[in-house]
Structure formats: structure tokens, C-alpha cells
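Next comes upload.csv, a file with CSV, C-alpha atoms and all ligand atoms.
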chain,number,residue,atom,x,y,z
A,1,MET,CA,-6.1,135.0,-137.6
A,2,ILE,CA,-9.1,133.0,-138.6
A,3,LYS,CA,-8.6,129.2,-138.8
A,4,ALA,CA,-10.4,127.7,-141.7
A,5,PHE,CA,-10.5,124.9,-144.2
A,6,ALA,CA,-9.9,126.0,-147.8
A,7,VAL,CA,-9.7,124.4,-151.3
A,8,PHE,CA,-6.9,125.7,-153.5
A,9,GLU,CA,-7.8,124.4,-156.9
A,10,PRO,CA,-10.8,123.0,-158.8
A,11,LYS,CA,-11.8,119.6,-157.4
A,12,GLY,CA,-9.2,120.0,-154.7
A,13,GLU,CA,-9.4,118.8,-151.1
A,14,LEU,CA,-10.2,120.9,-148.1
A,15,LYS,CA,-6.9,121.7,-146.2
A,16,PRO,CA,-6.2,123.8,-143.1
A,17,PHE,CA,-5.9,127.5,-144.0
A,18,GLU,CA,-5.4,130.6,-141.9
A,19,TYR,CA,-6.2,134.2,-143.0
A,20,ASP,CA,-6.1,137.6,-141.5
A,21,PRO,CA,-9.5,139.3,-141.9
A,22,GLY,CA,-8.1,142.7,-141.2
A,23,GLU,CA,-9.9,145.4,-139.2
A,24,LEU,CA,-13.6,144.8,-138.6
A,25,LYS,CA,-15.5,147.2,-140.9
A,26,PRO,CA,-18.2,149.5,-139.4
A,27,HIS,CA,-21.2,147.6,-140.8
A,28,GLU,CA,-19.7,144.1,-140.2
A,29,VAL,CA,-20.1,141.5,-137.5
A,30,GLU,CA,-17.7,138.7,-136.6
A,31,ILE,CA,-19.4,135.4,-135.8
A,32,ASP,CA,-17.9,132.5,-133.8
A,33,VAL,CA,-19.0,129.5,-135.8
A,34,HIS,CA,-20.6,126.7,-133.9
A,35,TYR,CA,-22.0,124.7,-136.8
A,36,CYS,CA,-22.0,124.9,-140.5
A,37,GLY,CA,-24.0,122.8,-142.9
A,38,ILE,CA,-22.7,121.4,-146.2
A,39,CYS,CA,-24.7,122.3,-149.3
A,40,HIS,CA,-24.3,121.1,-152.8
A,41,SER,CA,-23.5,124.7,-153.8
A,42,ASP,CA,-20.3,124.4,-151.6
A,43,LEU,CA,-19.3,121.5,-153.8
A,44,SER,CA,-20.2,123.4,-157.0
A,45,VAL,CA,-18.0,126.3,-155.8
A,46,ILE,CA,-15.1,124.0,-154.7
A,47,ASP,CA,-15.2,122.4,-158.2
A,48,ASN,CA,-15.6,125.8,-160.0
A,49,GLU,CA,-18.7,124.4,-161.8
A,50,TRP,CA,-20.0,128.0,-162.3
A,51,GLY,CA,-16.7,129.4,-163.4
A,52,MET,CA,-16.7,132.1,-160.7
A,53,THR,CA,-14.8,130.5,-157.8
A,54,GLN,CA,-11.9,132.5,-156.3
A,55,TYR,CA,-9.2,130.3,-154.8
A,56,PRO,CA,-8.3,129.7,-152.1
A,57,VAL,CA,-12.0,129.2,-151.3
A,58,VAL,CA,-13.3,128.7,-147.7
A,59,PRO,CA,-16.7,127.1,-148.3
A,60,GLY,CA,-19.6,127.1,-145.9
A,61,HIS,CA,-22.8,129.2,-146.2
A,62,GLU,CA,-25.1,127.6,-143.6
A,63,VAL,CA,-23.5,129.1,-140.6
A,64,VAL,CA,-24.8,129.0,-137.0
A,65,GLY,CA,-22.8,130.9,-134.4
A,66,THR,CA,-22.5,133.6,-131.8
A,67,ILE,CA,-21.8,137.2,-132.5
A,68,ALA,CA,-18.3,137.9,-131.2
A,69,LYS,CA,-17.7,141.4,-132.4
A,70,VAL,CA,-19.8,144.2,-133.9
A,71,GLY,CA,-18.7,147.1,-136.0
A,72,ASP,CA,-19.2,150.7,-134.9
A,73,LYS,CA,-22.2,151.3,-137.1
A,74,VAL,CA,-24.1,148.1,-136.2
A,75,LYS,CA,-27.2,149.0,-134.2
A,76,HIS,CA,-29.5,145.9,-134.3
A,77,LEU,CA,-27.1,143.1,-133.2
A,78,THR,CA,-25.0,142.7,-130.1
A,79,VAL,CA,-22.3,140.4,-128.9
A,80,SER,CA,-23.4,137.0,-127.7
A,81,GLN,CA,-26.5,136.8,-129.8
A,82,ILE,CA,-27.1,133.5,-131.7
A,83,VAL,CA,-27.3,134.1,-135.4
A,84,GLY,CA,-27.3,132.4,-138.8
A,85,LEU,CA,-25.6,133.4,-142.1
A,86,GLY,CA,-26.6,132.0,-145.5
A,87,TRP,CA,-25.6,132.4,-149.1
A,88,HIS,CA,-25.2,136.2,-148.9
A,89,SER,CA,-22.9,138.0,-146.5
A,90,GLY,CA,-23.8,141.6,-147.6
A,91,TYR,CA,-26.1,143.7,-149.6
A,92,CYS,CA,-25.8,147.2,-151.1
A,93,ASN,CA,-28.7,148.4,-149.0
A,94,GLU,CA,-29.4,151.3,-151.5
A,95,CYS,CA,-30.9,149.8,-154.6
A,96,ALA,CA,-34.6,149.6,-155.2
A,97,LEU,CA,-34.7,145.9,-154.4
A,98,CYS,CA,-32.9,146.4,-151.0
A,99,ARG,CA,-35.1,149.4,-150.2
A,100,THR,CA,-38.2,147.3,-150.7
A,101,GLY,CA,-37.1,144.3,-148.7
A,102,ASP,CA,-36.0,142.1,-151.6
A,103,HIS,CA,-32.3,142.1,-150.5
A,104,ASN,CA,-32.0,138.5,-151.9
A,105,LEU,CA,-32.4,139.9,-155.4
A,106,CYS,CA,-29.8,142.8,-155.0
A,107,THR,CA,-27.4,142.7,-157.9
A,108,ASP,CA,-24.6,144.1,-155.7
A,109,SER,CA,-24.9,141.4,-153.0
A,110,GLN,CA,-21.8,139.6,-151.7
A,111,ALA,CA,-21.9,135.9,-151.9
A,112,THR,CA,-20.5,134.3,-148.6
A,113,ILE,CA,-18.2,131.9,-150.4
A,114,ILE,CA,-17.3,133.8,-153.7
A,115,GLY,CA,-14.6,136.4,-153.2
A,116,HIS,CA,-15.3,136.1,-149.4
A,117,HIS,CA,-14.4,133.4,-146.9
A,118,GLY,CA,-17.2,131.3,-145.6
A,119,GLY,CA,-18.1,129.2,-142.5
A,120,PHE,CA,-15.8,126.2,-142.7
A,121,ALA,CA,-13.8,128.1,-140.1
A,122,ASP,CA,-13.7,129.1,-136.4
A,123,LYS,CA,-15.0,132.6,-137.3
A,124,VAL,CA,-16.7,134.3,-140.3
A,125,ARG,CA,-17.3,137.9,-141.0
A,126,ALA,CA,-20.4,139.4,-142.7
A,127,ASP,CA,-22.3,142.6,-143.1
A,128,ALA,CA,-24.8,142.9,-140.2
A,129,ASN,CA,-27.7,143.3,-142.7
A,130,SER,CA,-27.2,139.7,-143.9
A,131,VAL,CA,-27.2,138.1,-140.5
A,132,VAL,CA,-30.3,136.5,-139.1
A,133,LEU,CA,-31.2,136.2,-135.4
A,134,ILE,CA,-32.1,132.6,-134.4
A,135,PRO,CA,-35.0,132.5,-132.0
A,136,ASP,CA,-34.9,130.4,-128.8
A,137,GLY,CA,-36.0,126.8,-129.1
A,138,ILE,CA,-34.3,126.1,-132.5
A,139,GLU,CA,-32.0,123.1,-132.5
A,140,LEU,CA,-28.7,124.8,-133.4
A,141,GLU,CA,-26.9,121.8,-134.7
A,142,SER,CA,-29.5,121.3,-137.4
A,143,ALA,CA,-30.5,124.9,-138.1
A,144,GLY,CA,-27.8,125.6,-140.7
A,145,PRO,CA,-29.9,124.5,-143.8
A,146,LEU,CA,-32.6,127.0,-142.9
A,147,PHE,CA,-30.3,129.7,-144.2
A,148,CYS,CA,-29.9,128.2,-147.6
A,149,GLY,CA,-32.4,125.5,-148.7
A,150,GLY,CA,-34.8,126.6,-146.0
A,151,ILE,CA,-35.2,130.3,-147.0
A,152,THR,CA,-35.2,129.3,-150.7
A,153,VAL,CA,-38.4,127.3,-150.3
A,154,PHE,CA,-39.9,129.5,-147.5
A,155,ASN,CA,-39.7,132.7,-149.6
A,156,PRO,CA,-42.1,131.5,-152.4
A,157,LEU,CA,-44.6,130.4,-149.8
A,158,VAL,CA,-44.7,134.0,-148.6
A,159,GLN,CA,-44.4,135.6,-152.1
A,160,PHE,CA,-47.3,133.5,-153.4
A,161,ASP,CA,-49.3,134.1,-150.2
A,162,ILE,CA,-49.8,130.4,-149.6
A,163,LYS,CA,-52.7,129.6,-147.3
A,164,PRO,CA,-53.5,126.5,-145.2
A,165,THR,CA,-56.2,125.6,-147.7
A,166,ASP,CA,-53.9,125.8,-150.7
A,167,LYS,CA,-52.5,122.7,-152.5
A,168,VAL,CA,-48.7,122.9,-153.1
A,169,ALA,CA,-46.6,120.5,-155.1
A,170,VAL,CA,-43.0,119.8,-154.0
A,171,ILE,CA,-41.0,118.3,-156.9
A,172,GLY,CA,-38.1,116.3,-155.5
A,173,ILE,CA,-37.4,115.7,-151.8
A,174,GLY,CA,-33.8,116.8,-151.7
A,175,GLY,CA,-32.0,119.5,-149.8
A,176,LEU,CA,-34.7,122.0,-150.5
A,177,GLY,CA,-37.7,119.8,-150.9
A,178,HIS,CA,-37.5,118.1,-147.5
A,179,LEU,CA,-37.5,121.5,-145.9
A,180,ALA,CA,-40.5,122.6,-148.0
A,181,LEU,CA,-42.4,119.6,-146.8
A,182,GLN,CA,-41.7,120.4,-143.2
A,183,PHE,CA,-42.9,124.0,-143.6
A,184,LEU,CA,-46.0,122.9,-145.5
A,185,PHE,CA,-46.9,120.2,-142.9
A,186,ARG,CA,-46.8,123.0,-140.3
A,187,PHE,CA,-49.0,125.4,-142.3
A,188,ASP,CA,-52.2,123.9,-141.0
A,189,ARG,CA,-51.1,124.1,-137.3
A,190,PRO,CA,-52.6,127.4,-135.9
A,191,SER,CA,-49.5,128.1,-133.8
A,192,PHE,CA,-47.2,128.1,-136.9
A,193,TRP,CA,-48.5,131.3,-138.4
A,194,PRO,CA,-47.8,133.8,-135.6
A,195,GLU,CA,-44.5,132.0,-134.9
A,196,ALA,CA,-43.5,132.6,-138.5
A,197,GLY,CA,-44.6,136.2,-138.4
A,198,LEU,CA,-47.5,135.5,-140.9
A,199,THR,CA,-51.3,136.3,-140.7
A,200,PRO,CA,-53.6,133.7,-142.2
A,201,ASP,CA,-56.7,135.5,-143.6
A,202,THR,CA,-58.9,132.5,-143.9
B,1,ZN,ZN,-26.5,126.4,-150.2
B,2,ZN,ZN,-29.1,146.3,-153.2
Starting from the file, give its structure as C-alpha cells.
Amino acid sequence: MIKAFAVFEPKGELKPFEYDPGELKPHEVEIDVHYCGICHSDLSVIDNEWGMTQYPVVPGHEVVGTIAKVGDKVKHLTVSQIVGLGWHSGYCNECALCRTGDHNLCTDSQATIIGHHGGFADKVRADANSVVLIPDGIELESAGPLFCGGITVFNPLVQFDIKPTDKVAVIGIGGLGHLALQFLFRFDRPSFWPEAGLTPDT
């Protein structure tokens, strides 16, 4: 059984909740949760602000943990690796968007906390293709927001091919904006580019 905190009705309180996740599917991994951030989208889902919440809901989509189990078909992850899990916990892997690396736009993606139990728990399951390896040197207790607000603002920096000489405006220093500023301040440090897997052509 997975021990979690769930909300049972709109605007309800988080209460202890246990569920049986069943057999691990071939493409899934099970993650022992070490930390999980709290995002405003957790509150929106708890309160059913978007009309799509499925109760009981286990919120939490900024998960940092260790891989505890891997399904038979999972090749690229192994037990004991440190990983993150964000808004999506699965993709179809077959549509044109998935095949060209834009999994985040897949219309058949599985949201981690809608119709699926999230990371306010001792364990969480996800398709291996939605799980991100965390490199050494990242502070794990504060890494969770990288998998939601962080990737949301990092993605456009890559999509728009932002260079160290570009000017970028960040409107609002909230959950997303404060991470955007931290990425942008690092853009003019030479070491940032190779660490982030990018090549500046300046
Ligand atoms: Zn979020
Ligand atoms: Zn897809």
C-alpha cells in the first residue's frame, strides 16, 4: 500500500489516505518520495477550480525521490537513481509531438494529479518516459520546483534560442518568475551553457 495525503471534496483538507497501486506496469517506475514541492496548481486541483479533479486526489507534482522499482520494459532507469517527476506522469510516446521531442504538448499525456495519484505520499508511480534524472550537485530539498515552474520557464528560453546577449523580460516574480530570473542570471556565465546541454553560437 502507498501511504499518502488526499483531499476528498472541493476545498477539502488533506487527510491520511492509503491506496493499492496494483502491479507495476512494464513501462512504469516506482519512486520513493524524499521531497515534494507545493505548487498553486495543487491548490487549483484540490479546489476543483478547473472542473477536472477526480477525488480522492493525492496532490504533489514536484517530486524528488529515488527509483525503488522499474518495470520490465524500462531500459534507461535503474533502482537507486535520484529522479524528479513533474506535472506529467506519462506520454503516449507515439504521436507526432512525442516523436519530435515535444512530449509536453502530447494530447494523450497523463497528468500526475488528475486521474492519477501524486507525490504527497511515501511513493509515487509514473511512466519512465516522464521521469527526469537529477544530476549530482543539485540540492534535493529545493529541486522540486524545477519540474514544474522551472521547466515551464526554461523551455521557452530554449525554444526561442535565447542567447547571452539577448534581453528578456520576466513579468511577475512568482513561482515561475523567480526561477526564470535565476536561469537568466546564469546565462552569461560560460559554465552554464555546457552544464545545461546548450551551445551558445555567439
Ligand atoms: Zn505546478
Ligand atoms: Zn504523444
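We find atom CA of Gly150 of chain A and atom CA of Leu176 of chain A to be spaced 6.4 Å apart.
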Per-residue nearest contacts of segment 51-162 of chain A to segment 1-4 of chain A (7 Å; all atoms listed in the file) as a tab-separated table:
residue	atom	partner	partner_atom	distance
A:Val58	CA	A:Ala4	CA	6.7
A:Phe120	CA	A:Ala4	CA	5.7
A:Ala121	CA	A:Ala4	CA	3.8
A:Asp122	CA	A:Lys3	CA	5.6
A:Lys123	CA	A:Ile2	CA	6.1
Check every protein, DNA and RNA residue against ligand ZN 2 (chain B), keep those with an atom at most 10 Å away (counting only C-alpha atoms and all ligand atoms), and present them as a list in words.
Gly90, Tyr91, Cys92, Asn93, Glu94, Cys95, Ala96, Leu97, Cys98, Arg99, Thr100, Gly101, Asp102, His103, Asn104, Leu105, Cys106, Thr107, Asp108 and Ser109 of chain A
Could you name the residues that touch segment 18-25 of chain A at 12 Å or less, counting all atoms listed in the file, but leaving out those on the same chain fewer than 5 positions away, as a compact mmCIF listing (two decimals) with C-alpha atoms, in the coordinates of the input?
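Ended up saving to result-v4.txt:
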# COMPACT_ATOMS: atom_id res chain seq x y z
CA MET A 1 -6.10 135.00 -137.60
CA ILE A 2 -9.10 133.00 -138.60
CA LYS A 3 -8.60 129.20 -138.80
CA ALA A 4 -10.40 127.70 -141.70
CA PHE A 5 -10.50 124.90 -144.20
CA ALA A 6 -9.90 126.00 -147.80
CA GLU A 30 -17.70 138.70 -136.60
CA ILE A 31 -19.40 135.40 -135.80
CA PRO A 56 -8.30 129.70 -152.10
CA VAL A 57 -12.00 129.20 -151.30
CA VAL A 58 -13.30 128.70 -147.70
CA ALA A 68 -18.30 137.90 -131.20
CA LYS A 69 -17.70 141.40 -132.40
CA VAL A 70 -19.80 144.20 -133.90
CA GLY A 71 -18.70 147.10 -136.00
CA ASP A 72 -19.20 150.70 -134.90
CA LYS A 73 -22.20 151.30 -137.10
CA VAL A 74 -24.10 148.10 -136.20
CA HIS A 116 -15.30 136.10 -149.40
CA HIS A 117 -14.40 133.40 -146.90
CA GLY A 118 -17.20 131.30 -145.60
CA PHE A 120 -15.80 126.20 -142.70
CA ALA A 121 -13.80 128.10 -140.10
CA ASP A 122 -13.70 129.10 -136.40
CA LYS A 123 -15.00 132.60 -137.30
CA VAL A 124 -16.70 134.30 -140.30
CA ARG A 125 -17.30 137.90 -141.00
CA ALA A 126 -20.40 139.40 -142.70
CA ASP A 127 -22.30 142.60 -143.10
CA ALA A 128 -24.80 142.90 -140.20
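Interatomic distance, atom CA of Thr53 of chain A to atom CA of Asn129 of chain A: 23.6 Å.
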Using all atoms listed in the file, what does the table of chain A residues within 9 Å of ligand ZN 1 (chain B) look like, with each row giving the shortest atom pair and its distance in Å to one decimal, sorted by chain and ascending number, as a tab-separated table?
residue	atom	partner	partner_atom	distance
A:Gly37	CA	B:ZN1	ZN	8.5
A:Ile38	CA	B:ZN1	ZN	7.4
A:Cys39	CA	B:ZN1	ZN	4.6
A:His40	CA	B:ZN1	ZN	6.3
A:Ser41	CA	B:ZN1	ZN	5.0
A:Asp42	CA	B:ZN1	ZN	6.7
A:Gly60	CA	B:ZN1	ZN	8.2
A:His61	CA	B:ZN1	ZN	6.1
A:Glu62	CA	B:ZN1	ZN	6.9
A:Gly86	CA	B:ZN1	ZN	7.3
A:Trp87	CA	B:ZN1	ZN	6.2
A:Pro145	CA	B:ZN1	ZN	7.5
A:Phe147	CA	B:ZN1	ZN	7.8
A:Cys148	CA	B:ZN1	ZN	4.6
A:Gly149	CA	B:ZN1	ZN	6.2
A:Gly175	CA	B:ZN1	ZN	8.8
Atom pair atom CA of Ile114 of chain A + atom CA of Ala143 of chain A, distance 22.3 Å
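Using all atoms listed in the file, the smallest distance between any of A:Ser130, A:Gln54, A:Gln182, A:Gln110 and Leu77 of chain A comes from A:Ser130.
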List the neighbours of Val153 of chain A out to 12 Å using only C-alpha atoms; skip same-chain residues closer than 2 positions along the sequence, and give me the result as a PyMOL selection string.
chain A and resi 145-151+155-160+162+168-171+173-184
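Closest approach to Tyr35 of chain A among A:Ile113, A:Val83, A:Val63, A:Leu14 is made by A:Val63 (distances from all atoms listed in the file).
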Return the single residue from A:Phe185, A:Thr66, A:Ser44, A:Gly144 that is closest to Thr78 of chain A, with distances computed using all atoms listed in the file.
A:Thr66
